file model23.cif (mmCIF, C-alpha atoms)
data_model
loop_
_atom_site.label_atom_id
_atom_site.label_comp_id
_atom_site.auth_asym_id
_atom_site.auth_seq_id
_atom_site.Cartn_x
_atom_site.Cartn_y
_atom_site.Cartn_z
CA MET A 1 0.00 0.00 0.00
CA ALA A 2 2.69 2.50 1.07
CA GLY A 3 4.79 1.66 -1.98
CA GLY A 4 1.82 2.18 -4.29
CA LEU A 5 1.02 5.53 -2.68
CA ALA A 6 4.65 6.56 -3.02
CA LEU A 7 4.63 5.71 -6.72
CA LEU A 8 1.47 7.78 -7.31
CA VAL A 9 2.94 10.79 -5.48
CA LEU A 10 6.24 10.37 -7.29
CA LEU A 11 4.55 10.26 -10.72
CA ALA A 12 2.48 13.39 -9.91
CA LEU A 13 5.62 15.27 -8.81
CA ALA A 14 7.65 14.01 -11.77
CA GLY A 15 4.89 15.11 -14.14
CA THR A 16 4.86 18.59 -12.65
CA ALA A 17 8.67 18.80 -12.76
CA LEU A 18 8.74 17.71 -16.40
CA ARG A 19 5.96 20.18 -17.27
CA ARG A 20 7.94 23.04 -15.69
CA MET A 21 11.26 22.05 -17.27
CA CYS A 22 9.82 21.75 -20.77
CA GLY A 23 7.27 24.57 -20.44
CA LEU A 24 4.42 22.30 -21.54
CA PRO A 25 0.82 23.57 -21.56
CA VAL A 26 -0.51 20.27 -20.09
CA PRO A 27 -1.08 20.13 -16.29
CA GLY A 28 1.76 18.13 -14.66
CA PRO A 29 -0.35 15.39 -13.00
CA ILE A 30 -1.79 14.48 -16.43
CA LEU A 31 1.72 13.56 -17.56
CA GLY A 32 1.95 11.42 -14.42
CA LEU A 33 -1.37 9.77 -15.34
CA ILE A 34 -0.10 8.94 -18.83
CA ALA A 35 3.13 7.53 -17.39
CA TYR A 36 1.09 5.44 -14.93
CA LEU A 37 -1.01 4.02 -17.80
CA VAL A 38 2.20 3.02 -19.58
CA LEU A 39 3.57 1.41 -16.40
CA LEU A 40 0.33 -0.53 -15.86
CA ALA A 41 0.39 -1.70 -19.48
CA THR A 42 3.76 -3.36 -18.87
CA GLY A 43 1.94 -5.66 -16.42
CA ARG A 44 4.56 -5.14 -13.72
CA CYS A 45 2.73 -2.54 -11.63
CA ASP A 46 -0.41 -4.42 -10.60
CA TRP A 47 0.83 -4.24 -6.99
CA THR A 48 -0.03 -0.51 -7.03
CA LEU A 49 -3.72 -1.09 -7.86
CA PRO A 50 -4.95 -1.39 -4.23
CA ALA A 51 -3.36 1.98 -3.39
CA ALA A 52 -4.88 3.52 -6.52
CA ALA A 53 -8.32 2.21 -5.53
CA VAL A 54 -8.06 3.76 -2.05
CA VAL A 55 -6.93 7.11 -3.44
CA THR A 56 -9.62 7.33 -6.15
CA GLY A 57 -12.21 6.34 -3.53
CA LEU A 58 -11.25 9.41 -1.49
CA ILE A 59 -11.46 11.92 -4.36
CA GLY A 60 -14.91 12.84 -3.07
CA ALA A 61 -13.39 14.01 0.23
CA MET A 62 -10.64 15.91 -1.60
CA ILE A 63 -13.13 18.03 -3.53
CA VAL A 64 -15.09 19.05 -0.44
CA PRO A 65 -12.88 22.08 0.41
CA PRO A 66 -13.34 23.78 -3.00
CA LEU A 67 -17.07 23.10 -2.77
CA VAL A 68 -17.18 24.71 0.71
CA GLY A 69 -15.10 27.55 -0.74
CA ILE A 70 -18.00 28.38 -3.05
CA ALA A 71 -19.44 30.35 -0.11
CA LEU A 72 -16.59 32.84 -0.60
CA PHE A 73 -17.99 33.64 -4.06
CA GLY A 74 -21.49 34.58 -2.93
CA ASP A 75 -21.18 38.03 -4.50
CA VAL A 76 -20.44 36.47 -7.91
CA LEU A 77 -22.84 33.52 -7.71
CA LEU A 78 -25.97 34.89 -6.05
CA PRO A 79 -26.80 37.53 -8.71
CA ALA A 80 -26.26 34.88 -11.41
CA ALA A 81 -27.98 31.98 -9.63
CA GLY A 82 -31.00 31.75 -11.97
CA GLY A 83 -28.99 31.90 -15.19
CA LEU A 84 -26.39 29.56 -13.77
CA ALA A 85 -28.99 26.93 -12.83
CA LEU A 86 -30.53 27.17 -16.31
CA LEU A 87 -27.08 26.88 -17.92
CA LEU A 88 -26.09 23.82 -15.89
CA VAL A 89 -29.32 21.97 -16.71
CA VAL A 90 -29.39 22.87 -20.43
CA THR A 91 -25.70 22.33 -21.24
CA THR A 92 -25.50 19.09 -19.23
CA ALA A 93 -28.59 17.73 -21.01
CA VAL A 94 -27.27 18.77 -24.45
CA THR A 95 -23.84 17.27 -23.73
CA ALA A 96 -25.32 13.95 -22.56
CA VAL A 97 -27.66 13.55 -25.55
CA ALA A 98 -25.05 14.69 -28.09
CA THR A 99 -22.47 12.28 -26.65
CA ALA A 100 -24.93 9.36 -26.79
CA LEU A 101 -25.89 10.18 -30.39
CA LEU A 102 -22.25 10.59 -31.49
CA PHE A 103 -21.40 7.19 -29.99
CA ARG A 104 -24.26 5.53 -31.90
CA LEU A 105 -23.52 7.43 -35.15
CA ALA A 106 -19.89 6.25 -35.01
CA GLY A 107 -21.10 2.66 -34.84
CA GLY A 108 -21.16 2.18 -31.06
CA ARG A 109 -23.16 -0.77 -29.78
CA GLY A 110 -24.92 -1.34 -26.47
CA MET B 111 2.19 28.51 16.62
CA SER B 112 3.72 25.91 14.33
CA GLN B 113 3.28 23.21 17.01
CA LEU B 114 -0.41 24.09 17.05
CA LEU B 115 -0.82 24.25 13.29
CA LEU B 116 0.02 20.65 12.37
CA PRO B 117 -2.59 19.02 14.65
CA LEU B 118 -5.17 21.55 13.38
CA ILE B 119 -4.38 20.65 9.77
CA ALA B 120 -4.50 16.92 10.55
CA ALA B 121 -7.78 17.30 12.46
CA THR B 122 -9.40 19.36 9.66
CA CYS B 123 -8.46 16.88 6.93
CA GLY B 124 -9.37 13.94 9.16
CA ILE B 125 -12.81 15.35 9.94
CA VAL B 126 -13.53 16.02 6.23
CA ILE B 127 -12.52 12.45 5.28
CA ALA B 128 -14.49 10.94 8.19
CA LEU B 129 -17.62 12.94 7.30
CA PHE B 130 -17.26 11.92 3.64
CA LEU B 131 -16.96 8.20 4.49
CA LEU B 132 -19.96 8.55 6.79
CA ALA B 133 -22.00 10.35 4.10
CA ARG B 134 -21.07 7.70 1.54
CA ARG B 135 -22.16 4.92 3.87
CA ALA B 136 -25.43 6.73 4.57
CA ALA B 137 -26.06 7.27 0.84
CA ARG B 138 -25.46 3.58 0.14
CA ALA B 139 -27.75 2.59 3.00
CA ILE B 140 -30.65 4.38 1.30
CA GLY B 141 -29.80 2.89 -2.12
CA SER B 142 -27.61 5.74 -3.52
CA PRO B 143 -30.37 7.85 -5.08
CA PRO B 144 -28.84 10.39 -7.54
CA TRP B 145 -29.69 13.43 -5.41
CA ALA B 146 -27.87 11.99 -2.37
CA SER B 147 -24.36 13.08 -3.34
CA PRO B 148 -21.93 12.26 -0.50
CA VAL B 149 -19.70 15.11 -1.68
CA LEU B 150 -22.52 17.66 -1.48
CA ALA B 151 -23.70 16.28 1.88
CA THR B 152 -20.17 16.47 3.31
CA ALA B 153 -19.75 20.04 2.07
CA LEU B 154 -23.03 21.04 3.75
CA GLY B 155 -21.96 19.24 6.94
CA VAL B 156 -18.58 20.97 6.96
CA GLY B 157 -20.25 24.32 6.26
CA GLY B 158 -22.60 23.81 9.20
CA LEU B 159 -19.74 22.75 11.45
CA LEU B 160 -17.68 25.83 10.51
CA TRP B 161 -20.65 28.06 11.22
CA ALA B 162 -21.22 26.33 14.57
CA ILE B 163 -17.62 26.73 15.77
CA GLY B 164 -17.22 30.15 14.16
CA MET B 165 -14.25 29.25 11.96
CA PRO B 166 -13.95 31.49 8.87
CA ILE B 167 -14.08 29.59 5.56
CA ALA B 168 -10.77 31.10 4.43
CA VAL B 169 -9.07 29.64 7.54
CA PHE B 170 -10.67 26.23 6.87
CA GLU B 171 -9.40 26.32 3.27
CA GLU B 172 -5.90 26.98 4.60
CA TYR B 173 -6.06 24.01 7.03
CA ALA B 174 -7.60 21.72 4.39
CA ARG B 175 -4.90 22.44 1.82
CA PRO B 176 -3.30 18.94 2.01
CA LEU B 177 -6.57 17.56 0.59
CA ARG B 178 -6.04 19.71 -2.51
CA TRP B 179 -2.45 18.51 -2.80
CA ALA B 180 -3.78 14.95 -2.69
CA LEU B 181 -5.76 15.65 -5.88
CA SER B 182 -2.56 15.39 -7.96
CA PRO B 183 -1.68 11.78 -7.03
CA ALA B 184 -5.42 11.01 -7.17
CA LEU B 185 -5.44 12.18 -10.79
CA VAL B 186 -2.56 9.80 -11.51
CA ALA B 187 -4.45 6.99 -9.73
CA LEU B 188 -7.42 7.44 -12.12
CA GLY B 189 -5.22 5.70 -14.70
CA ALA B 190 -6.07 2.46 -12.86
CA ILE B 191 -9.70 2.84 -14.02
CA VAL B 192 -8.73 2.96 -17.69
CA HIS B 193 -6.37 0.03 -17.12
CA ARG B 194 -9.10 -2.00 -15.37
CA ASP B 195 -11.61 -1.42 -18.18
CA ARG B 196 -9.16 -1.53 -21.10
CA GLY B 197 -11.14 -4.44 -22.55
CA ILE B 198 -14.24 -2.33 -23.23
CA VAL B 199 -12.09 0.56 -24.46
CA ARG B 200 -10.40 -1.67 -27.06
CA ALA B 201 -13.67 -3.33 -28.08
CA GLN B 202 -15.27 -0.04 -29.19
CA ALA B 203 -12.28 2.29 -29.46
CA TRP B 204 -13.45 4.32 -32.47
CA PRO B 205 -17.04 5.11 -31.39
CA LEU B 206 -15.76 5.86 -27.88
CA ALA B 207 -13.11 8.24 -29.25
CA VAL B 208 -15.73 10.03 -31.38
CA ALA B 209 -18.14 10.33 -28.43
CA VAL B 210 -15.49 11.61 -26.01
CA THR B 211 -13.96 14.08 -28.48
CA GLY B 212 -17.32 15.42 -29.64
CA GLY B 213 -18.84 15.35 -26.18
CA THR B 214 -15.93 17.26 -24.63
CA GLY B 215 -16.02 19.85 -27.42
CA ILE B 216 -19.79 20.28 -27.13
CA GLY B 217 -19.63 20.35 -23.32
CA VAL B 218 -17.01 23.10 -23.29
CA LEU B 219 -18.47 25.18 -26.13
CA THR B 220 -22.12 25.06 -24.98
CA ALA B 221 -21.06 26.12 -21.48
CA THR B 222 -18.85 29.03 -22.54
CA ALA B 223 -21.28 30.18 -25.27
CA MET B 224 -24.29 30.10 -22.96
CA ALA B 225 -22.33 31.85 -20.19
CA ARG B 226 -21.57 34.66 -22.66
CA ALA B 227 -25.16 34.76 -23.94
CA LEU B 228 -26.44 35.05 -20.36
CA ASN B 229 -23.82 37.71 -19.55
CA LEU B 230 -22.47 35.78 -16.58
CA GLY B 231 -19.16 37.66 -16.68
CA PRO B 232 -15.55 36.58 -17.36
CA LEU B 233 -14.98 34.87 -13.99
CA LEU B 234 -17.95 32.52 -14.25
CA THR B 235 -17.36 31.93 -17.97
CA ALA B 236 -13.81 30.78 -17.21
CA ALA B 237 -15.01 28.60 -14.33
CA LEU B 238 -17.71 27.02 -16.53
CA ALA B 239 -15.27 26.04 -19.30
CA THR B 240 -14.26 22.97 -17.27
CA LYS B 241 -17.75 21.98 -16.04
CA THR B 242 -17.90 18.92 -18.31
CA VAL B 243 -14.78 17.29 -16.82
CA SER B 244 -14.54 15.76 -13.36
CA THR B 245 -13.30 17.94 -10.54
CA PRO B 246 -9.68 16.72 -10.21
CA PHE B 247 -9.19 17.48 -13.91
CA ALA B 248 -11.04 20.81 -13.61
CA VAL B 249 -8.75 21.80 -10.74
CA ALA B 250 -5.60 20.76 -12.63
CA ILE B 251 -6.70 22.70 -15.72
CA ALA B 252 -7.73 25.81 -13.76
CA GLU B 253 -4.41 25.75 -11.89
CA ARG B 254 -2.51 25.43 -15.16
CA VAL B 255 -4.22 28.42 -16.82
CA SER B 256 -4.39 30.43 -13.56
CA GLY B 257 -8.18 30.22 -13.69
CA PRO B 258 -10.63 30.43 -10.77
CA VAL B 259 -9.84 27.06 -9.10
CA PRO B 260 -12.50 26.91 -6.32
CA LEU B 261 -15.27 28.12 -8.63
CA ALA B 262 -14.29 25.68 -11.38
CA ALA B 263 -14.19 22.83 -8.85
CA ALA B 264 -17.54 23.72 -7.33
CA LEU B 265 -19.28 24.11 -10.71
CA ALA B 266 -17.90 20.75 -11.86
CA VAL B 267 -19.37 19.09 -8.76
CA LEU B 268 -22.72 20.86 -9.22
CA THR B 269 -22.75 19.77 -12.88
CA GLY B 270 -22.24 16.20 -11.71
CA VAL B 271 -25.18 16.46 -9.31
CA VAL B 272 -27.43 17.95 -12.02
CA GLY B 273 -26.38 15.29 -14.52
CA ALA B 274 -26.82 12.43 -12.04
CA VAL B 275 -30.43 13.53 -11.60
CA ILE B 276 -31.47 14.41 -15.18
CA VAL B 277 -29.40 12.30 -17.62
CA LEU B 278 -30.98 8.83 -17.17
CA PRO B 279 -34.62 10.06 -17.29
CA LEU B 280 -33.75 12.26 -20.29
CA LEU B 281 -32.13 9.42 -22.26
CA GLY B 282 -35.04 7.15 -21.34
CA LEU B 283 -37.49 9.76 -22.62
CA LEU B 284 -35.62 9.86 -25.94
CA GLY B 285 -35.59 6.06 -26.14
CA ILE B 286 -31.79 5.88 -25.82
CA ARG B 287 -30.87 2.70 -23.93
CA GLY B 288 -27.95 0.33 -23.52
CA ALA B 289 -25.23 0.19 -20.87
CA ALA B 290 -22.47 1.52 -23.14
CA THR B 291 -24.44 4.46 -24.55
CA THR B 292 -25.99 5.60 -21.26
CA GLY B 293 -22.69 5.10 -19.40
CA ILE B 294 -20.71 7.14 -21.92
CA ALA B 295 -23.32 9.91 -21.94
CA MET B 296 -23.28 10.00 -18.11
CA GLY B 297 -19.49 9.94 -17.82
CA GLN B 298 -19.12 12.76 -20.32
CA SER B 299 -21.82 15.04 -18.89
CA ALA B 300 -21.91 14.22 -15.16
CA HIS B 301 -18.49 12.58 -14.60
CA LEU B 302 -17.74 11.67 -10.97
CA VAL B 303 -21.13 12.13 -9.30
CA GLY B 304 -22.90 10.62 -12.31
CA THR B 305 -20.63 7.57 -12.31
CA ASP B 306 -21.21 7.17 -8.59
CA ALA B 307 -24.96 7.25 -9.14
CA LEU B 308 -24.69 4.56 -11.84
CA THR B 309 -22.51 2.21 -9.78
CA ARG B 310 -25.38 0.60 -7.90
CA ARG B 311 -28.02 0.74 -10.62
CA ASP B 312 -25.97 -0.65 -13.50
CA PRO B 313 -22.33 -1.67 -12.89
CA ARG B 314 -21.70 -2.21 -16.63
CA ALA B 315 -22.85 1.30 -17.47
CA ALA B 316 -20.78 2.61 -14.55
CA ALA B 317 -17.62 1.07 -16.05
CA TRP B 318 -18.28 2.91 -19.34
CA SER B 319 -19.03 6.07 -17.41
CA ALA B 320 -15.79 5.88 -15.40
CA VAL B 321 -13.63 5.27 -18.47
CA THR B 322 -15.33 8.11 -20.36
CA MET B 323 -14.83 10.45 -17.42
CA VAL B 324 -11.08 9.81 -17.31
CA LEU B 325 -10.56 9.96 -21.09
CA ALA B 326 -12.61 13.18 -21.37
CA GLY B 327 -10.62 14.68 -18.51
CA MET B 328 -7.33 13.80 -20.18
CA LEU B 329 -8.45 15.21 -23.53
CA ALA B 330 -9.67 18.44 -21.93
CA ALA B 331 -6.45 18.78 -19.92
CA VAL B 332 -4.42 18.59 -23.12
CA LEU B 333 -6.64 20.83 -25.28
CA LEU B 334 -8.14 23.45 -22.94
CA PRO B 335 -4.87 25.14 -21.91
CA LEU B 336 -4.05 25.52 -25.63
CA ALA B 337 -7.47 26.95 -26.46
CA TRP B 338 -7.89 28.92 -23.24
CA ARG B 339 -7.46 32.44 -24.66
CA TRP B 340 -10.36 31.88 -27.07
CA LEU B 341 -12.61 30.31 -24.45
CA ALA B 342 -12.39 32.41 -21.33
#
call {"tool": "encode", "arguments": {"input": "model23.cif", "output": "structure tokens"}}
result
Amino acid sequence: MAGGLALLVLLALAGTALRRMCGLPVPGPILGLIAYLVLLATGRCDWTLPAAAVVTGLIGAMIVPPLVGIALFGDVLLPAAGGLALLLVVTTAVTAVATALLFRLAGGRG
Amino acid sequence: MSQLLLPLIAATCGIVIALFLLARRAARAIGSPPWASPVLATALGVGGLLWAIGMPIAVFEEYARPLRWALSPALVALGAIVHRDRGIVRAQAWPLAVAVTGGTGIGVLTATAMARALNLGPLLTAALATKTVSTPFAVAIAERVSGPVPLAAALAVLTGVVGAVIVLPLLGLLGIRGAATTGIAMGQSAHLVGTDALTRRDPRAAAWSAVTMVLAGMLAAVLLPLAWRWLA
């Protein structure tokens, strides 16, 4: 478990370091994610999967602070609340239906 | 001061995680209905707690900062989901690629266009550009382009809650069925919360949803920083 966690942290840090060194537009952890996919594809990193499962299971807790922080933006959000609610419903509905149709149009099954 | 700070930070993060695990257990106990988002419930609980003990939100954010640092390794860990479900990705690689590419483009463009049309202002428009990707990706992108991180994170979560409630009934109304199609539509539009809501109802659809969420997040993380000046 500890080794798996260490690998995940290491890959995130390495991604950020590489991003800074090369001045890439991609966020650093994404580079770490891509490297992790490559490592998993070699079949030699399955021992890290339990740690990855624990960490992804806690993402919900990690995004609580920014959600609480929304209260700091009351002056931006409250005047726009009606429009914002309409936007979230309409664009989420359009995105879902368009994605489903695109999948079927491209020959997707099931 | 510094001797006091570490226990405070540990206690804050520990309480948030404990409340989240509790909320998740409670949501599962009542059958994980889409409106019962453990994330939203925990945020409300934390908000109430802060109000009760009189701790300013800005101070809480400071103490809870390690949780935001943890989002980076968590983003890396999401690779395990794609690895786990690589079989379904390979089986329908082309239609999945079309759906994720088109869905991400439509998700980003409808949000920014409608934000402009409704005159929501530059701050909200920037925060809404990442609403169609799950929160860890939204945070990483907003950090990269120096965008409004907390707003982008919060709007991504709210989008997930909205999608978890409306997407399945909407697709049903339009006669769109099938685990792959509904899962992909959910993962693209409602990402984390939507996938969570699917997990109990239809595990096969949830697998499609999870894979779509990660692939869409990766695509957006590569493309959005490049296109940022035209979007926000």
call {"tool": "residues_around", "arguments": {"input": "model23.cif", "residues": "range 247-261 of chain B", "least_positions_apart": "6", "cutoff": "6 Å", "atoms": "only C-alpha atoms", "output": "list of chain:residue names"}}
result
A:Pro27, A:Pro66, B:Ala237, B:Thr240, B:Gly327, B:Ala331
call {"tool": "atom_distance", "arguments": {"input": "model23.cif", "atom1": "CA of Trp340 in chain B", "atom2": "CA of His301 in chain B"}}
result
24.4 Å
call {"tool": "atom_distance", "arguments": {"input": "model23.cif", "atom1": "CA of Leu8 in chain A", "atom2": "CA of Pro183 in chain B"}}
result
5.1 Å
call {"tool": "residues_around", "arguments": {"input": "model23.cif", "residues": "range 92-108 of chain A", "least_positions_apart": "6", "cutoff": "6 Å", "atoms": "only C-alpha atoms", "output": "tab-separated table (two decimals) with C-alpha atoms, in the frame of the given file"}}
result
chain	number	residue	atom	x	y	z
B	205	PRO	CA	-17.04	5.11	-31.39
B	209	ALA	CA	-18.14	10.33	-28.43
B	213	GLY	CA	-18.84	15.35	-26.18
B	217	GLY	CA	-19.63	20.35	-23.32
B	291	THR	CA	-24.44	4.46	-24.55
B	295	ALA	CA	-23.32	9.91	-21.94
B	299	SER	CA	-21.82	15.04	-18.89
call {"tool": "resolve_selection", "arguments": {"input": "model23.cif", "expression": "the PyMOL selection byres ((chain A and resi 47) around 12)", "output": "list in words"}}
result
Met1, Ala2, Gly3, Gly4, Leu5, Leu7, Leu39, Leu40, Gly43, Arg44, Cys45, Asp46, Thr48, Leu49, Pro50, Ala51, Ala52 and Ala53 of chain A; Ala190 of chain B
call {"tool": "atom_distance", "arguments": {"input": "model23.cif", "atom1": "CA of His193 in chain B", "atom2": "CA of Thr245 in chain B"}}
result
20.3 Å
call {"tool": "closest_residue", "arguments": {"input": "model23.cif", "among": "B:Ile140, B:Ala289, B:Leu219, B:Leu132", "to": "chain A", "atoms": "all atoms listed in the file"}}
result
B:Ala289
call {"tool": "closest_residue", "arguments": {"input": "model23.cif", "among": "B:Ala264, B:Ala316, B:Val192, B:Ala330", "to": "chain A", "atoms": "all atoms listed in the file"}}
result
B:Ala264
call {"tool": "resolve_selection", "arguments": {"input": "model23.cif", "expression": "the PyMOL selection byres ((chain A and resi 24) around 12)", "output": "list in words"}}
result
Gly15, Thr16, Ala17, Leu18, Arg19, Arg20, Met21, Cys22, Gly23, Pro25, Val26, Pro27, Gly28, Pro29, Ile30 and Leu31 of chain A; Arg254, Val255, Ala331, Val332, Leu333, Pro335 and Leu336 of chain B
call {"tool": "write_last_selection", "arguments": {"input": "model23.cif", "atoms": "C-alpha atoms", "output": "compact mmCIF listing (two decimals), in the frame of the given file"}}
result
# COMPACT_ATOMS: atom_id res chain seq x y z
CA GLY A 15 4.89 15.11 -14.14
CA THR A 16 4.86 18.59 -12.65
CA ALA A 17 8.67 18.80 -12.76
CA LEU A 18 8.74 17.71 -16.40
CA ARG A 19 5.96 20.18 -17.27
CA ARG A 20 7.94 23.04 -15.69
CA MET A 21 11.26 22.05 -17.27
CA CYS A 22 9.82 21.75 -20.77
CA GLY A 23 7.27 24.57 -20.44
CA PRO A 25 0.82 23.57 -21.56
CA VAL A 26 -0.51 20.27 -20.09
CA PRO A 27 -1.08 20.13 -16.29
CA GLY A 28 1.76 18.13 -14.66
CA PRO A 29 -0.35 15.39 -13.00
CA ILE A 30 -1.79 14.48 -16.43
CA LEU A 31 1.72 13.56 -17.56
CA ARG B 254 -2.51 25.43 -15.16
CA VAL B 255 -4.22 28.42 -16.82
CA ALA B 331 -6.45 18.78 -19.92
CA VAL B 332 -4.42 18.59 -23.12
CA LEU B 333 -6.64 20.83 -25.28
CA PRO B 335 -4.87 25.14 -21.91
CA LEU B 336 -4.05 25.52 -25.63
call {"tool": "resolve_selection", "arguments": {"input": "model23.cif", "expression": "the PyMOL selection byres ((chain B and resi 324) around 8)", "output": "list in words"}}
result
Leu188, Gly189, Ile191, Val192, Ser244, Ala320, Val321, Thr322, Met323, Leu325, Ala326, Gly327 and Met328 of chain B
call {"tool": "closest_residue", "arguments": {"input": "model23.cif", "among": "B:Leu114, B:Val267, B:Ala137, B:Leu341", "to": "chain A", "atoms": "all atoms listed in the file"}}
result
B:Val267
call {"tool": "residues_around", "arguments": {"input": "model23.cif", "residues": "Thr292 in chain B", "least_positions_apart": "5", "cutoff": "8 Å", "atoms": "all atoms listed in the file", "output": "JSON, numbers by chain"}}
result
{"A": [100], "B": [278, 281, 286, 287, 315, 319]}
call {"tool": "write_last_selection", "arguments": {"input": "model23.cif", "atoms": "C-alpha atoms", "output": "PDB file, in the frame of the given file"}}
result
ATOM      1  CA  ALA A 100     -24.930   9.360 -26.790  1.00  0.00           C
TER       2      ALA A 100
ATOM      3  CA  LEU B 278     -30.980   8.830 -17.170  1.00  0.00           C
ATOM      4  CA  LEU B 281     -32.130   9.420 -22.260  1.00  0.00           C
ATOM      5  CA  ILE B 286     -31.790   5.880 -25.820  1.00  0.00           C
ATOM      6  CA  ARG B 287     -30.870   2.700 -23.930  1.00  0.00           C
ATOM      7  CA  ALA B 315     -22.850   1.300 -17.470  1.00  0.00           C
ATOM      8  CA  SER B 319     -19.030   6.070 -17.410  1.00  0.00           C
TER       9      SER B 319
END
call {"tool": "decode", "arguments": {"input": "model23.cif", "residues": "range 89-108 of chain A", "atoms": "N, CA and C atoms", "output": "PDB file, in the first residue's frame"}}
result
ATOM      1  N   VAL A  89     -28.358  22.972 -16.266  1.00  0.00           N
ATOM      2  CA  VAL A  89     -29.324  21.965 -16.710  1.00  0.00           C
ATOM      3  C   VAL A  89     -29.267  21.808 -18.227  1.00  0.00           C
ATOM      4  N   VAL A  90     -29.321  22.934 -18.967  1.00  0.00           N
ATOM      5  CA  VAL A  90     -29.386  22.870 -20.435  1.00  0.00           C
ATOM      6  C   VAL A  90     -28.106  22.273 -21.012  1.00  0.00           C
ATOM      7  N   THR A  91     -26.939  22.787 -20.607  1.00  0.00           N
ATOM      8  CA  THR A  91     -25.698  22.327 -21.239  1.00  0.00           C
ATOM      9  C   THR A  91     -25.381  20.878 -20.850  1.00  0.00           C
ATOM     10  N   THR A  92     -25.743  20.480 -19.628  1.00  0.00           N
ATOM     11  CA  THR A  92     -25.498  19.086 -19.229  1.00  0.00           C
ATOM     12  C   THR A  92     -26.397  18.145 -20.023  1.00  0.00           C
ATOM     13  N   ALA A  93     -27.664  18.552 -20.225  1.00  0.00           N
ATOM     14  CA  ALA A  93     -28.593  17.735 -21.015  1.00  0.00           C
ATOM     15  C   ALA A  93     -28.108  17.631 -22.461  1.00  0.00           C
ATOM     16  N   VAL A  94     -27.729  18.765 -23.059  1.00  0.00           N
ATOM     17  CA  VAL A  94     -27.272  18.773 -24.454  1.00  0.00           C
ATOM     18  C   VAL A  94     -26.025  17.907 -24.600  1.00  0.00           C
ATOM     19  N   THR A  95     -25.082  18.043 -23.663  1.00  0.00           N
ATOM     20  CA  THR A  95     -23.842  17.267 -23.734  1.00  0.00           C
ATOM     21  C   THR A  95     -24.127  15.764 -23.655  1.00  0.00           C
ATOM     22  N   ALA A  96     -25.008  15.371 -22.727  1.00  0.00           N
ATOM     23  CA  ALA A  96     -25.319  13.947 -22.561  1.00  0.00           C
ATOM     24  C   ALA A  96     -25.942  13.375 -23.829  1.00  0.00           C
ATOM     25  N   VAL A  97     -26.956  14.066 -24.365  1.00  0.00           N
ATOM     26  CA  VAL A  97     -27.660  13.550 -25.548  1.00  0.00           C
ATOM     27  C   VAL A  97     -26.722  13.546 -26.757  1.00  0.00           C
ATOM     28  N   ALA A  98     -25.965  14.617 -26.949  1.00  0.00           N
ATOM     29  CA  ALA A  98     -25.050  14.693 -28.094  1.00  0.00           C
ATOM     30  C   ALA A  98     -24.002  13.581 -28.015  1.00  0.00           C
ATOM     31  N   THR A  99     -23.480  13.323 -26.813  1.00  0.00           N
ATOM     32  CA  THR A  99     -22.472  12.277 -26.651  1.00  0.00           C
ATOM     33  C   THR A  99     -23.055  10.913 -26.992  1.00  0.00           C
ATOM     34  N   ALA A 100     -24.273  10.639 -26.501  1.00  0.00           N
ATOM     35  CA  ALA A 100     -24.933   9.359 -26.788  1.00  0.00           C
ATOM     36  C   ALA A 100     -25.141   9.198 -28.295  1.00  0.00           C
ATOM     37  N   LEU A 101     -25.617  10.262 -28.951  1.00  0.00           N
ATOM     38  CA  LEU A 101     -25.886  10.181 -30.394  1.00  0.00           C
ATOM     39  C   LEU A 101     -24.599  10.001 -31.188  1.00  0.00           C
ATOM     40  N   LEU A 102     -23.541  10.715 -30.796  1.00  0.00           N
ATOM     41  CA  LEU A 102     -22.252  10.586 -31.493  1.00  0.00           C
ATOM     42  C   LEU A 102     -21.731   9.160 -31.396  1.00  0.00           C
ATOM     43  N   PHE A 103     -21.871   8.571 -30.198  1.00  0.00           N
ATOM     44  CA  PHE A 103     -21.402   7.187 -29.993  1.00  0.00           C
ATOM     45  C   PHE A 103     -22.139   6.240 -30.937  1.00  0.00           C
ATOM     46  N   ARG A 104     -23.467   6.417 -31.034  1.00  0.00           N
ATOM     47  CA  ARG A 104     -24.256   5.534 -31.898  1.00  0.00           C
ATOM     48  C   ARG A 104     -23.943   5.793 -33.376  1.00  0.00           C
ATOM     49  N   LEU A 105     -23.810   7.081 -33.753  1.00  0.00           N
ATOM     50  CA  LEU A 105     -23.521   7.434 -35.149  1.00  0.00           C
ATOM     51  C   LEU A 105     -22.187   6.853 -35.602  1.00  0.00           C
ATOM     52  N   ALA A 106     -21.215   6.780 -34.664  1.00  0.00           N
ATOM     53  CA  ALA A 106     -19.894   6.251 -35.012  1.00  0.00           C
ATOM     54  C   ALA A 106     -19.872   4.724 -34.977  1.00  0.00           C
ATOM     55  N   GLY A 107     -21.041   4.108 -34.784  1.00  0.00           N
ATOM     56  CA  GLY A 107     -21.104   2.656 -34.838  1.00  0.00           C
ATOM     57  C   GLY A 107     -21.050   1.981 -33.482  1.00  0.00           C
ATOM     58  N   GLY A 108     -21.204   2.754 -32.403  1.00  0.00           N
ATOM     59  CA  GLY A 108     -21.161   2.181 -31.064  1.00  0.00           C
ATOM     60  C   GLY A 108     -22.345   1.261 -30.809  1.00  0.00           C
TER      61      GLY A 108
END
